[in-house]
file structure_4.cif (mmCIF, C-alpha atoms)
data_entry
loop_
_atom_site.group_PDB
_atom_site.id
_atom_site.type_symbol
_atom_site.label_atom_id
_atom_site.label_comp_id
_atom_site.auth_asym_id
_atom_site.auth_seq_id
_atom_site.Cartn_x
_atom_site.Cartn_y
_atom_site.Cartn_z
ATOM 1 C CA MET A 9 177.860 101.919 9.502
ATOM 2 C CA TYR A 10 180.541 99.710 11.036
ATOM 3 C CA LEU A 11 177.960 98.188 13.351
ATOM 4 C CA LEU A 12 175.711 97.387 10.393
ATOM 5 C CA PHE A 13 178.617 95.843 8.468
ATOM 6 C CA GLY A 14 179.588 93.781 11.512
ATOM 7 C CA CYS A 15 176.026 92.509 11.922
ATOM 8 C CA MET A 16 175.831 91.534 8.254
ATOM 9 C CA LEU A 17 179.186 89.743 8.472
ATOM 10 C CA ALA A 18 178.036 87.876 11.573
ATOM 11 C CA ILE A 19 174.831 86.795 9.829
ATOM 12 C CA VAL A 20 176.805 85.517 6.835
ATOM 13 C CA LEU A 21 179.214 83.581 9.055
ATOM 14 C CA LEU A 22 176.384 82.054 11.077
ATOM 15 C CA SER A 23 174.617 81.058 7.856
ATOM 16 C CA LEU A 24 177.771 79.394 6.537
ATOM 17 C CA LEU A 25 178.287 77.515 9.803
ATOM 18 C CA PHE A 26 174.655 76.399 9.807
ATOM 19 C CA CYS A 27 174.880 75.208 6.193
ATOM 20 C CA GLN A 28 178.089 73.341 6.997
ATOM 21 C CA TYR A 29 176.380 71.642 9.940
ATOM 22 C CA ARG A 30 173.382 70.692 7.793
ATOM 23 C CA ARG A 31 175.741 69.434 5.079
ATOM 24 C CA LYS A 32 177.610 67.107 7.435
ATOM 25 C CA LYS A 33 174.363 65.850 8.892
ATOM 26 C CA ALA A 34 172.956 65.167 5.416
ATOM 27 C CA TYR A 35 176.180 63.395 4.387
ATOM 28 C CA LYS A 36 175.964 60.999 7.343
ATOM 29 C CA ARG A 37 172.277 60.342 6.744
ATOM 30 C CA LEU A 38 172.776 59.664 3.045
ATOM 31 C CA CYS A 39 175.745 57.363 3.566
ATOM 32 C CA ALA A 40 173.707 55.266 5.990
ATOM 33 C CA MET A 41 170.911 54.696 3.452
ATOM 34 C CA PRO A 42 171.039 51.651 1.145
ATOM 35 C CA CYS A 43 170.617 52.147 -2.586
ATOM 36 C CA GLU A 44 167.020 50.867 -2.640
ATOM 37 C CA GLU A 45 165.987 53.295 0.080
ATOM 38 C CA ARG A 46 167.664 56.179 -1.767
ATOM 39 C CA LEU A 47 165.701 55.376 -4.917
ATOM 40 C CA GLN A 48 162.420 55.196 -3.016
ATOM 41 C CA THR A 49 163.103 58.490 -1.250
ATOM 42 C CA LEU A 50 164.055 60.189 -4.506
ATOM 43 C CA GLU A 51 160.910 58.892 -6.203
ATOM 44 C CA THR A 52 158.690 60.352 -3.492
ATOM 45 C CA ILE A 53 160.414 63.720 -3.967
ATOM 46 C CA VAL A 54 160.401 64.085 -7.760
ATOM 47 C CA SER A 55 157.430 61.974 -8.921
ATOM 48 C CA PRO A 56 154.760 64.543 -7.889
ATOM 49 C CA PHE A 57 156.444 66.992 -10.266
ATOM 50 C CA GLY A 58 156.433 64.541 -13.192
ATOM 51 C CA TYR A 59 160.074 63.411 -13.080
ATOM 52 C CA CYS A 60 161.803 60.074 -12.700
ATOM 53 C CA TYR A 61 165.412 58.987 -12.321
ATOM 54 C CA ASP A 62 167.235 56.539 -14.568
ATOM 55 C CA VAL A 63 170.028 54.882 -12.595
ATOM 56 C CA SER A 64 171.718 53.336 -15.624
ATOM 57 C CA GLN A 65 171.873 56.678 -17.460
ATOM 58 C CA ASN A 66 172.434 58.848 -14.370
ATOM 59 C CA CYS A 67 169.859 61.321 -15.644
ATOM 60 C CA PHE A 68 166.385 62.586 -14.875
ATOM 61 C CA SER A 69 163.516 62.294 -17.314
ATOM 62 C CA THR A 70 159.802 63.038 -17.412
ATOM 63 C CA THR A 71 156.901 60.641 -16.974
ATOM 64 C CA ILE A 72 153.972 60.236 -19.345
ATOM 65 C CA ASP A 73 151.473 61.449 -16.743
ATOM 66 C CA ALA A 74 153.525 64.506 -15.784
ATOM 67 C CA PRO A 75 151.423 67.476 -14.581
ATOM 68 C CA GLN A 76 152.988 69.617 -17.338
ATOM 69 C CA ARG A 77 150.905 67.651 -19.833
ATOM 70 C CA ALA A 78 147.791 69.615 -18.894
ATOM 71 C CA PHE A 79 149.343 72.972 -19.831
ATOM 72 C CA GLY A 80 150.161 72.216 -23.465
ATOM 73 C CA TYR A 81 152.583 74.511 -25.271
ATOM 74 C CA THR A 82 152.784 78.004 -26.688
ATOM 75 C CA ALA A 83 155.738 79.847 -28.216
ATOM 76 C CA LEU A 84 155.649 82.293 -25.299
ATOM 77 C CA PHE A 85 157.191 79.566 -23.139
ATOM 78 C CA ASP A 86 160.368 79.752 -25.197
ATOM 79 C CA ARG A 87 160.357 83.532 -25.342
ATOM 80 C CA TYR A 88 160.229 83.985 -21.569
ATOM 81 C CA ALA A 89 162.433 81.008 -20.690
ATOM 82 C CA PRO A 90 165.436 83.191 -19.631
ATOM 83 C CA GLN A 91 163.289 84.679 -16.877
ATOM 84 C CA PHE A 92 163.174 81.177 -15.382
ATOM 85 C CA ASP A 93 166.970 80.659 -15.675
ATOM 86 C CA MET A 94 166.723 78.597 -18.865
ATOM 87 C CA VAL A 95 168.909 79.260 -21.911
ATOM 88 C CA PHE A 96 168.541 76.811 -24.775
ATOM 89 C CA ASP A 97 168.360 76.384 -28.529
ATOM 90 C CA TYR A 98 165.013 75.262 -29.880
ATOM 91 C CA LEU A 99 163.633 74.110 -33.197
ATOM 92 C CA PRO A 100 159.831 74.109 -33.679
ATOM 93 C CA VAL A 101 158.474 72.157 -36.652
ATOM 94 C CA TYR A 102 154.860 72.963 -37.561
ATOM 95 C CA PHE A 103 153.004 70.804 -40.071
ATOM 96 C CA ASP A 104 149.416 70.102 -41.096
ATOM 97 C CA TYR A 105 148.078 66.571 -40.855
ATOM 98 C CA ARG A 106 144.451 65.422 -41.073
ATOM 99 C CA GLU A 107 142.766 68.797 -40.558
ATOM 100 C CA ARG A 108 144.995 69.730 -37.627
ATOM 101 C CA THR A 109 148.209 71.661 -37.179
ATOM 102 C CA TRP A 110 150.818 69.617 -35.353
ATOM 103 C CA LEU A 111 154.012 70.712 -33.653
ATOM 104 C CA ILE A 112 157.114 68.663 -32.888
ATOM 105 C CA GLU A 113 159.736 70.755 -31.140
ATOM 106 C CA PHE A 114 163.307 70.079 -30.048
ATOM 107 C CA TRP A 115 165.228 71.768 -27.212
ATOM 108 C CA LYS A 116 168.789 71.539 -25.888
ATOM 109 C CA GLY A 117 170.694 73.700 -23.459
ATOM 110 C CA GLN A 118 170.889 74.782 -19.841
ATOM 111 C CA TYR A 119 167.913 74.500 -17.498
ATOM 112 C CA GLY A 120 169.043 76.223 -14.322
ATOM 113 C CA VAL A 121 171.487 73.833 -12.643
ATOM 114 C CA ASN A 122 170.754 71.110 -15.213
ATOM 115 C CA LEU A 123 171.820 70.541 -18.791
ATOM 116 C CA GLY A 124 169.607 68.484 -21.042
ATOM 117 C CA CYS A 125 167.385 68.076 -24.057
ATOM 118 C CA GLU A 126 163.680 67.686 -24.842
ATOM 119 C CA VAL A 127 161.423 66.488 -27.636
ATOM 120 C CA GLY A 128 157.725 67.364 -27.433
ATOM 121 C CA ILE A 129 154.697 66.460 -29.574
ATOM 122 C CA TYR A 130 151.646 68.740 -29.615
ATOM 123 C CA LYS A 131 148.634 69.459 -31.784
ATOM 124 C CA ALA A 132 146.053 72.203 -32.163
ATOM 125 C CA ASP A 133 142.276 71.950 -32.266
ATOM 126 C CA GLY A 134 142.258 72.661 -36.009
ATOM 127 C CA LEU A 135 144.284 74.152 -38.837
ATOM 128 C CA ILE A 136 146.219 77.277 -37.863
ATOM 129 C CA ALA A 137 147.598 79.861 -40.265
ATOM 130 C CA SER A 138 151.350 80.378 -40.365
ATOM 131 C CA LEU A 139 151.144 83.878 -38.899
ATOM 132 C CA SER A 140 149.101 82.673 -35.904
ATOM 133 C CA ARG A 141 151.171 79.651 -34.920
ATOM 134 C CA LYS A 142 153.483 81.547 -32.571
ATOM 135 C CA THR A 143 150.559 82.775 -30.490
ATOM 136 C CA ALA A 144 148.359 79.680 -30.615
ATOM 137 C CA LEU A 145 148.000 77.167 -27.814
ATOM 138 C CA PHE A 146 148.902 73.582 -28.675
ATOM 139 C CA HIS A 147 147.696 70.644 -26.606
ATOM 140 C CA SER A 148 149.680 67.588 -25.636
ATOM 141 C CA VAL A 149 148.762 64.524 -27.674
ATOM 142 C CA GLY A 150 146.616 61.781 -26.188
ATOM 143 C CA ASP A 151 147.685 58.294 -25.168
ATOM 144 C CA ASP A 152 146.571 56.834 -28.506
ATOM 145 C CA GLU A 153 148.782 59.341 -30.376
ATOM 146 C CA LEU A 154 152.073 58.767 -28.565
ATOM 147 C CA LEU A 155 155.012 58.142 -30.883
ATOM 148 C CA PRO A 156 158.057 55.913 -30.331
ATOM 149 C CA MET A 157 160.970 58.294 -29.834
ATOM 150 C CA SER A 158 164.633 58.179 -28.923
ATOM 151 C CA VAL A 159 167.167 60.842 -27.924
ATOM 152 C CA ARG A 160 170.942 60.630 -27.637
ATOM 153 C CA LEU A 161 172.493 63.643 -25.902
ATOM 154 C CA TYR A 162 176.119 64.474 -26.695
ATOM 155 C CA HIS A 163 178.421 67.094 -25.201
ATOM 156 C CA ARG A 164 181.370 67.745 -27.530
ATOM 157 C CA GLY A 165 181.202 64.194 -28.831
ATOM 158 C CA THR A 166 180.758 62.523 -25.419
ATOM 159 C CA LEU A 167 177.512 60.617 -24.896
ATOM 160 C CA LEU A 168 175.748 61.877 -21.763
ATOM 161 C CA ALA A 169 172.369 60.151 -21.917
ATOM 162 C CA GLU A 170 170.199 57.977 -24.132
ATOM 163 C CA LYS A 171 166.445 57.495 -23.780
ATOM 164 C CA ARG A 172 163.998 55.397 -25.816
ATOM 165 C CA GLU A 173 160.303 55.398 -25.065
ATOM 166 C CA ARG A 174 156.832 55.818 -26.510
ATOM 167 C CA HIS A 175 156.136 59.291 -25.246
ATOM 168 C CA TRP A 176 154.728 62.770 -25.857
ATOM 169 C CA TRP A 177 157.591 64.624 -24.120
ATOM 170 C CA LEU A 178 160.890 62.730 -23.990
ATOM 171 C CA THR A 179 163.620 64.406 -21.947
ATOM 172 C CA ALA A 180 167.031 63.828 -20.402
ATOM 173 C CA PHE A 181 168.631 66.078 -17.750
ATOM 174 C CA ARG A 182 171.934 66.024 -15.869
ATOM 175 C CA VAL A 183 172.017 67.695 -12.437
ATOM 176 C CA GLY A 184 174.866 70.000 -11.438
ATOM 177 C CA ALA A 185 176.427 70.215 -14.917
ATOM 178 C CA TYR A 186 176.837 73.304 -17.098
ATOM 179 C CA CYS A 187 177.503 73.752 -20.798
ATOM 180 C CA GLU A 188 176.844 76.147 -23.622
ATOM 181 C CA PRO A 189 173.837 75.174 -25.772
ATOM 182 C CA ARG A 190 175.998 75.247 -28.903
ATOM 183 C CA ASP A 191 178.239 72.522 -27.409
ATOM 184 C CA LEU A 192 175.355 70.049 -27.220
ATOM 185 C CA GLU A 193 174.167 67.759 -29.999
ATOM 186 C CA VAL A 194 171.034 65.628 -29.952
ATOM 187 C CA GLN A 195 170.274 62.684 -32.184
ATOM 188 C CA VAL A 196 166.506 62.268 -32.318
ATOM 189 C CA GLY A 197 164.622 59.310 -33.727
ATOM 190 C CA ILE A 198 160.839 59.370 -34.323
ATOM 191 C CA THR A 199 158.686 56.602 -35.762
ATOM 192 C CA PHE A 200 155.471 57.825 -37.394
ATOM 193 C CA PRO A 201 152.298 55.730 -37.702
ATOM 194 C CA ASN A 202 152.043 56.165 -41.486
ATOM 195 C CA ALA A 203 153.836 57.618 -44.488
ATOM 196 C CA GLU A 204 151.374 60.514 -44.801
ATOM 197 C CA MET A 205 152.301 61.975 -41.446
ATOM 198 C CA LEU A 206 155.999 61.347 -42.066
ATOM 199 C CA GLN A 207 155.957 63.198 -45.391
ATOM 200 C CA ALA A 208 154.102 66.142 -43.888
ATOM 201 C CA PHE A 209 156.731 66.387 -41.153
ATOM 202 C CA VAL A 210 159.628 66.071 -43.631
ATOM 203 C CA ARG A 211 158.255 68.884 -45.802
ATOM 204 C CA ALA A 212 158.013 71.161 -42.770
ATOM 205 C CA LEU A 213 161.484 70.137 -41.604
ATOM 206 C CA ARG A 214 162.985 71.172 -44.944
ATOM 207 C CA GLU A 215 161.485 74.635 -44.564
ATOM 208 C CA CYS A 216 163.218 75.080 -41.189
ATOM 209 C CA GLY A 217 166.628 75.346 -42.837
ATOM 210 C CA ASN A 218 169.825 73.349 -42.701
ATOM 211 C CA VAL A 219 168.806 70.304 -40.640
ATOM 212 C CA GLU A 220 170.445 66.937 -41.203
ATOM 213 C CA TYR A 221 168.058 63.997 -41.304
ATOM 214 C CA ALA A 222 167.661 60.533 -42.761
ATOM 215 C CA VAL A 223 164.536 58.449 -43.382
ATOM 216 C CA TRP A 224 164.238 54.668 -43.073
ATOM 217 C CA GLY A 225 160.734 53.412 -43.728
ATOM 218 C CA GLN A 226 158.446 55.296 -41.335
ATOM 219 C CA GLN A 227 161.269 56.375 -39.045
ATOM 220 C CA ILE A 228 163.274 59.577 -39.262
ATOM 221 C CA GLN A 229 166.640 60.325 -37.636
ATOM 222 C CA ILE A 230 167.459 63.985 -36.992
ATOM 223 C CA LEU A 231 170.738 65.574 -35.890
ATOM 224 C CA PHE A 232 169.848 68.656 -33.873
ATOM 225 C CA CYS A 233 172.927 70.889 -33.718
ATOM 226 C CA LYS A 234 171.692 74.399 -34.443
ATOM 227 C CA GLY A 235 168.324 75.890 -33.686
ATOM 228 C CA ILE A 236 166.743 79.207 -32.838
ATOM 229 C CA SER A 237 168.709 81.122 -30.207
ATOM 230 C CA ASP A 238 167.524 84.107 -28.184
ATOM 231 C CA GLN A 239 171.074 85.432 -27.951
ATOM 232 C CA ASN A 240 171.002 87.057 -31.393
ATOM 233 C CA SER A 241 169.326 90.320 -30.373
ATOM 234 C CA PHE A 242 171.263 92.715 -28.124
ATOM 235 C CA TRP A 243 168.994 93.041 -25.098
ATOM 236 C CA ARG A 244 167.895 89.403 -25.050
ATOM 237 C CA GLY A 245 171.529 88.431 -25.529
ATOM 238 C CA MET A 246 172.492 90.475 -22.480
ATOM 239 C CA ARG A 247 169.737 88.784 -20.494
ATOM 240 C CA CYS A 248 170.889 85.327 -21.605
ATOM 241 C CA ARG A 249 174.512 86.092 -20.725
ATOM 242 C CA TYR A 250 173.445 87.158 -17.241
ATOM 243 C CA VAL A 251 171.393 83.976 -16.806
ATOM 244 C CA LYS A 252 174.297 81.813 -17.971
ATOM 245 C CA TRP A 253 176.657 83.545 -15.545
ATOM 246 C CA LYS A 254 174.194 82.910 -12.724
ATOM 247 C CA ASN A 255 173.754 79.271 -13.748
ATOM 248 C CA ILE A 256 177.525 78.735 -13.689
ATOM 249 C CA ILE A 257 177.695 79.996 -10.105
ATOM 250 C CA LEU A 258 174.702 77.899 -9.048
ATOM 251 C CA CYS A 259 176.179 74.766 -10.612
ATOM 252 C CA LYS A 260 179.457 75.312 -8.764
ATOM 253 C CA LEU A 261 177.554 75.776 -5.513
ATOM 254 C CA VAL A 262 175.594 72.571 -6.109
ATOM 255 C CA VAL A 263 178.771 70.602 -6.799
ATOM 256 C CA ARG A 264 180.466 72.068 -3.737
ATOM 257 C CA MET A 265 177.529 71.422 -1.412
ATOM 258 C CA THR A 266 177.082 67.838 -2.612
ATOM 259 C CA LYS A 267 180.703 66.729 -2.392
ATOM 260 C CA PRO A 268 181.843 63.938 -2.575
ATOM 261 C CA PHE A 269 178.742 62.646 -4.383
ATOM 262 C CA THR A 270 178.805 62.648 -8.186
ATOM 263 C CA CYS A 271 175.621 60.922 -9.416
ATOM 264 C CA GLY A 272 172.409 62.890 -9.812
ATOM 265 C CA MET A 273 170.443 60.809 -7.304
ATOM 266 C CA ASP A 274 172.869 61.436 -4.442
ATOM 267 C CA ARG A 275 173.239 65.098 -5.310
ATOM 268 C CA VAL A 276 169.502 65.727 -5.248
ATOM 269 C CA LEU A 277 169.075 63.808 -1.986
ATOM 270 C CA ALA A 278 171.972 65.658 -0.378
ATOM 271 C CA LEU A 279 170.454 68.981 -1.392
ATOM 272 C CA TYR A 280 167.034 67.837 -0.204
ATOM 273 C CA PHE A 281 168.324 66.908 3.242
ATOM 274 C CA CYS A 282 170.126 70.263 3.478
ATOM 275 C CA LEU A 283 167.635 72.585 1.749
ATOM 276 C CA PRO A 284 164.328 70.790 1.068
ATOM 277 C CA ARG A 285 162.497 73.934 -0.031
ATOM 278 C CA LEU A 286 165.124 74.657 -2.676
ATOM 279 C CA VAL A 287 164.778 71.175 -4.192
ATOM 280 C CA ARG A 288 160.995 71.479 -4.327
ATOM 281 C CA ARG A 289 161.332 74.809 -6.095
ATOM 282 C CA VAL A 290 163.834 73.415 -8.625
ATOM 283 C CA PHE A 291 161.544 70.563 -9.662
ATOM 284 C CA CYS A 292 158.208 72.366 -9.361
ATOM 285 C CA GLN A 293 157.228 73.917 -12.699
ATOM 286 C CA ARG A 294 153.660 74.753 -11.695
ATOM 287 C CA LYS A 295 152.323 78.006 -10.390
ATOM 288 C CA ARG A 296 150.737 78.179 -7.006
ATOM 289 C CA GLU A 297 147.291 76.701 -6.923
ATOM 290 C CA ARG A 298 144.597 79.177 -6.102
ATOM 291 C CA CYS A 299 141.454 78.782 -4.120
ATOM 292 C CA CYS A 300 137.999 79.138 -5.558
ATOM 293 C CA LYS A 301 137.889 82.792 -4.519
ATOM 294 C CA LYS A 302 140.298 85.112 -6.298
ATOM 295 C CA SER A 303 141.140 87.042 -3.149
ATOM 296 C CA CYS A 304 142.468 83.921 -1.457
ATOM 297 C CA ARG A 305 145.954 82.924 -2.572
ATOM 298 C CA CYS A 306 147.459 80.003 -0.724
ATOM 299 C CA CYS A 307 150.303 77.762 -1.662
ATOM 300 C CA CYS A 308 150.295 73.976 -1.768
ATOM 301 C CA ARG A 309 150.883 71.995 1.392
ATOM 302 C CA GLY A 310 152.382 68.625 0.800
ATOM 303 C CA GLY A 311 150.869 68.350 -2.677
ATOM 304 C CA ARG A 312 147.336 69.367 -1.546
ATOM 305 C CA PRO A 313 145.703 72.768 -1.980
ATOM 306 C CA CYS A 314 145.161 74.729 1.200
ATOM 307 C CA GLY A 315 141.991 73.904 3.051
ATOM 308 C CA GLU A 316 141.862 70.291 1.874
ATOM 309 C CA ASN A 317 142.614 67.626 4.453
ATOM 310 C CA ARG A 318 143.776 64.078 3.820
ATOM 311 C CA SER A 319 140.244 62.765 3.414
ATOM 312 C CA GLY A 320 139.575 65.251 0.609
ATOM 313 C CA SER A 321 136.973 67.285 2.519
ATOM 314 C CA VAL A 322 136.929 71.076 2.564
ATOM 315 C CA GLU A 323 137.908 73.036 5.641
ATOM 316 C CA ARG A 324 138.575 76.684 6.454
ATOM 317 C CA ASP A 325 142.104 77.965 6.003
ATOM 318 C CA ARG A 326 143.560 79.535 9.135
ATOM 319 C CA ARG A 327 145.720 82.071 7.336
ATOM 320 C CA CYS A 328 143.085 83.648 5.116
ATOM 321 C CA GLY A 329 139.900 82.691 6.963
ATOM 322 C CA ARG A 330 138.114 81.630 3.749
ATOM 323 C CA SER A 331 136.743 78.332 2.654
ATOM 324 C CA CYS A 332 138.874 76.641 0.016
ATOM 325 C CA ARG A 333 138.285 73.673 -2.193
ATOM 326 C CA LYS A 334 140.252 71.747 -4.793
ATOM 327 C CA ARG A 335 139.488 72.807 -8.343
#
call {"tool": "encode", "arguments": {"input": "structure_4.cif", "output": "structure tokens"}}
result
Amino acid sequence: MYLLFGCMLAIVLLSLLFCQYRRKKAYKRLCAMPCEERLQTLETIVSPFGYCYDVSQNCFSTTIDAPQRAFGYTALFDRYAPQFDMVFDYLPVYFDYRERTWLIEFWKGQYGVNLGCEVGIYKADGLIASLSRKTALFHSVGDDELLPMSVRLYHRGTLLAEKRERHWWLTAFRVGAYCEPRDLEVQVGITFPNAEMLQAFVRALRECGNVEYAVWGQQIQILFCKGISDQNSFWRGMRCRYVKWKNIILCKLVVRMTKPFTCGMDRVLALYFCLPRLVRRVFCQRKRERCCKKSCRCCCRGGRPCGENRSGSVERDRRCGRSCRKR
């Protein structure tokens, strides 16, 4: 027993020494890089996952052509969010417009080691009954249906980020920061193409409850303070409290490992130079791509499915011995 404990202690000490060595090496490498090179390196890391970095706001956001756009949205994403270390308040607004059921949803809270907010616009293939909306799949809107939106993220009255863009999924995230979802406020502005769509959205927004909003012409301003929380029920509340406790520890570890850097760009690069696999896992929201045969499960290599070389041709995978091709 003592031998086993001694071996475990030695492994922990060696791991700490190795991490400290990698940390110092990453610090020297990052300090030697100019700002332009840091931005280019960060873009190559996060852009395949649909993210971009705003230097002026010191926050990460999502691009219009993000890979998440192909998945759409369903209410199950919110229900199982704590299993992916996400605890947030959300407010879905369903409304019918021109023979389709639309959804504009707001989120704010903790996303792993990030705090942030989101605004997403989705629509269904047709009209959906009220009882079926929580199980239906909504698709992301097309390029011709993007709406001008703006978000202002506040933490206890302090402005953290502000984004304005014509988008389908406008977001703002801060790396290495933690907060309770109830301590965040989001001011959202949406400009609709016509009064008909605006009125349909306003009627649905009134049914959601006590939500402060103001209308100027075809634009609406919404103050998102309280939404639906999964912490109301006992068991889901226990799960959320555990996730929040874990996120607090992870945020402290991120801040400690990335000292003395404070901006999100330097923190992500420092983590990437120390633990590149961890950074890829933080930003990657997609499941592993599968080969054409169900029995062959291979993960991505450098953004390409297994078996596909740089020229795009199909080759045999060495690990599974089966031919693979990109779907």
call {"tool": "resolve_selection", "arguments": {"input": "structure_4.cif", "expression": "the PyMOL selection byres ((chain A and resi 106) around 12)", "output": "ChimeraX atom specification"}}
result
/A:103-105,107-110,131-135,202,204-205,208
call {"tool": "atom_distance", "arguments": {"input": "structure_4.cif", "atom1": "atom CA of Asp151 of chain A", "atom2": "atom CA of Asp73 of chain A"}}
result
9.8 Å
call {"tool": "resolve_selection", "arguments": {"input": "structure_4.cif", "expression": "the PyMOL selection byres ((chain A and resi 164) around 10)", "output": "ChimeraX atom specification"}}
result
/A:161-163,165-168,187,190-193
call {"tool": "residues_near_point", "arguments": {"input": "structure_4.cif", "point": "(175.6, 71.4, -13.7)", "cutoff": "10 Å", "atoms": "all atoms listed in the file", "output": "VMD selection string"}}
result
chain A and resid 118 to 124 181 to 187 255 to 263 272
call {"tool": "write_last_selection", "arguments": {"input": "structure_4.cif", "atoms": "C-alpha atoms", "output": "compact mmCIF listing (two decimals), in the coordinates of the input"}}
result
# COMPACT_ATOMS: atom_id res chain seq x y z
CA GLN A 118 170.89 74.78 -19.84
CA TYR A 119 167.91 74.50 -17.50
CA GLY A 120 169.04 76.22 -14.32
CA VAL A 121 171.49 73.83 -12.64
CA ASN A 122 170.75 71.11 -15.21
CA LEU A 123 171.82 70.54 -18.79
CA GLY A 124 169.61 68.48 -21.04
CA PHE A 181 168.63 66.08 -17.75
CA ARG A 182 171.93 66.02 -15.87
CA VAL A 183 172.02 67.69 -12.44
CA GLY A 184 174.87 70.00 -11.44
CA ALA A 185 176.43 70.22 -14.92
CA TYR A 186 176.84 73.30 -17.10
CA CYS A 187 177.50 73.75 -20.80
CA ASN A 255 173.75 79.27 -13.75
CA ILE A 256 177.52 78.74 -13.69
CA ILE A 257 177.70 80.00 -10.10
CA LEU A 258 174.70 77.90 -9.05
CA CYS A 259 176.18 74.77 -10.61
CA LYS A 260 179.46 75.31 -8.76
CA LEU A 261 177.55 75.78 -5.51
CA VAL A 262 175.59 72.57 -6.11
CA VAL A 263 178.77 70.60 -6.80
CA GLY A 272 172.41 62.89 -9.81
call {"tool": "resolve_selection", "arguments": {"input": "structure_4.cif", "expression": "the PyMOL selection byres ((chain A and resi 216) around 12)", "output": "ChimeraX atom specification"}}
result
/A:98-103,113,209-215,217-220,232,234-236
call {"tool": "write_last_selection", "arguments": {"input": "structure_4.cif", "atoms": "C-alpha atoms", "output": "mmCIF file, in the frame of the given file"}}
result
data_model
loop_
_atom_site.group_PDB
_atom_site.id
_atom_site.type_symbol
_atom_site.label_atom_id
_atom_site.label_comp_id
_atom_site.auth_asym_id
_atom_site.auth_seq_id
_atom_site.Cartn_x
_atom_site.Cartn_y
_atom_site.Cartn_z
ATOM 1 C CA TYR A 98 165.013 75.262 -29.880
ATOM 2 C CA LEU A 99 163.633 74.110 -33.197
ATOM 3 C CA PRO A 100 159.831 74.109 -33.679
ATOM 4 C CA VAL A 101 158.474 72.157 -36.652
ATOM 5 C CA TYR A 102 154.860 72.963 -37.561
ATOM 6 C CA PHE A 103 153.004 70.804 -40.071
ATOM 7 C CA GLU A 113 159.736 70.755 -31.140
ATOM 8 C CA PHE A 209 156.731 66.387 -41.153
ATOM 9 C CA VAL A 210 159.628 66.071 -43.631
ATOM 10 C CA ARG A 211 158.255 68.884 -45.802
ATOM 11 C CA ALA A 212 158.013 71.161 -42.770
ATOM 12 C CA LEU A 213 161.484 70.137 -41.604
ATOM 13 C CA ARG A 214 162.985 71.172 -44.944
ATOM 14 C CA GLU A 215 161.485 74.635 -44.564
ATOM 15 C CA GLY A 217 166.628 75.346 -42.837
ATOM 16 C CA ASN A 218 169.825 73.349 -42.701
ATOM 17 C CA VAL A 219 168.806 70.304 -40.640
ATOM 18 C CA GLU A 220 170.445 66.937 -41.203
ATOM 19 C CA PHE A 232 169.848 68.656 -33.873
ATOM 20 C CA LYS A 234 171.692 74.399 -34.443
ATOM 21 C CA GLY A 235 168.324 75.890 -33.686
ATOM 22 C CA ILE A 236 166.743 79.207 -32.838
#
call {"tool": "residues_around", "arguments": {"input": "structure_4.cif", "residues": "Pro201 of chain A", "least_positions_apart": "5", "cutoff": "9 Å", "atoms": "all atoms listed in the file", "output": "number ranges by chain"}}
result
A: 153, 155, 206, 226
call {"tool": "closest_residue", "arguments": {"input": "structure_4.cif", "among": "A:Cys43, A:Met157, A:Cys271, A:Ala74", "to": "Gly58 of chain A", "atoms": "only C-alpha atoms"}}
result
A:Ala74
call {"tool": "atom_distance", "arguments": {"input": "structure_4.cif", "atom1": "atom CA of Arg87 of chain A", "atom2": "atom CA of Tyr250 of chain A"}}
result
15.8 Å
call {"tool": "atom_distance", "arguments": {"input": "structure_4.cif", "atom1": "atom CA of Asp274 of chain A", "atom2": "atom CA of Tyr59 of chain A"}}
result
15.6 Å
call {"tool": "residues_near_point", "arguments": {"input": "structure_4.cif", "point": "(161.1, 63.1, -25.6)", "cutoff": "8 Å", "atoms": "all atoms listed in the file", "output": "PyMOL selection string"}}
result
chain A and resi 126-128+157-159+171+173+175-180
call {"tool": "residues_around", "arguments": {"input": "structure_4.cif", "residues": "Lys252 of chain A", "least_positions_apart": "4", "cutoff": "8 Å", "atoms": "only C-alpha atoms", "output": "list in words"}}
result
Asp93, Val95, Cys248 and Ile256 of chain A
call {"tool": "residues_around", "arguments": {"input": "structure_4.cif", "residues": "Pro56 of chain A", "least_positions_apart": "2", "cutoff": "9 Å", "atoms": "only C-alpha atoms", "output": "ChimeraX atom specification"}}
result
/A:51-54,58-59,74-75,292,311
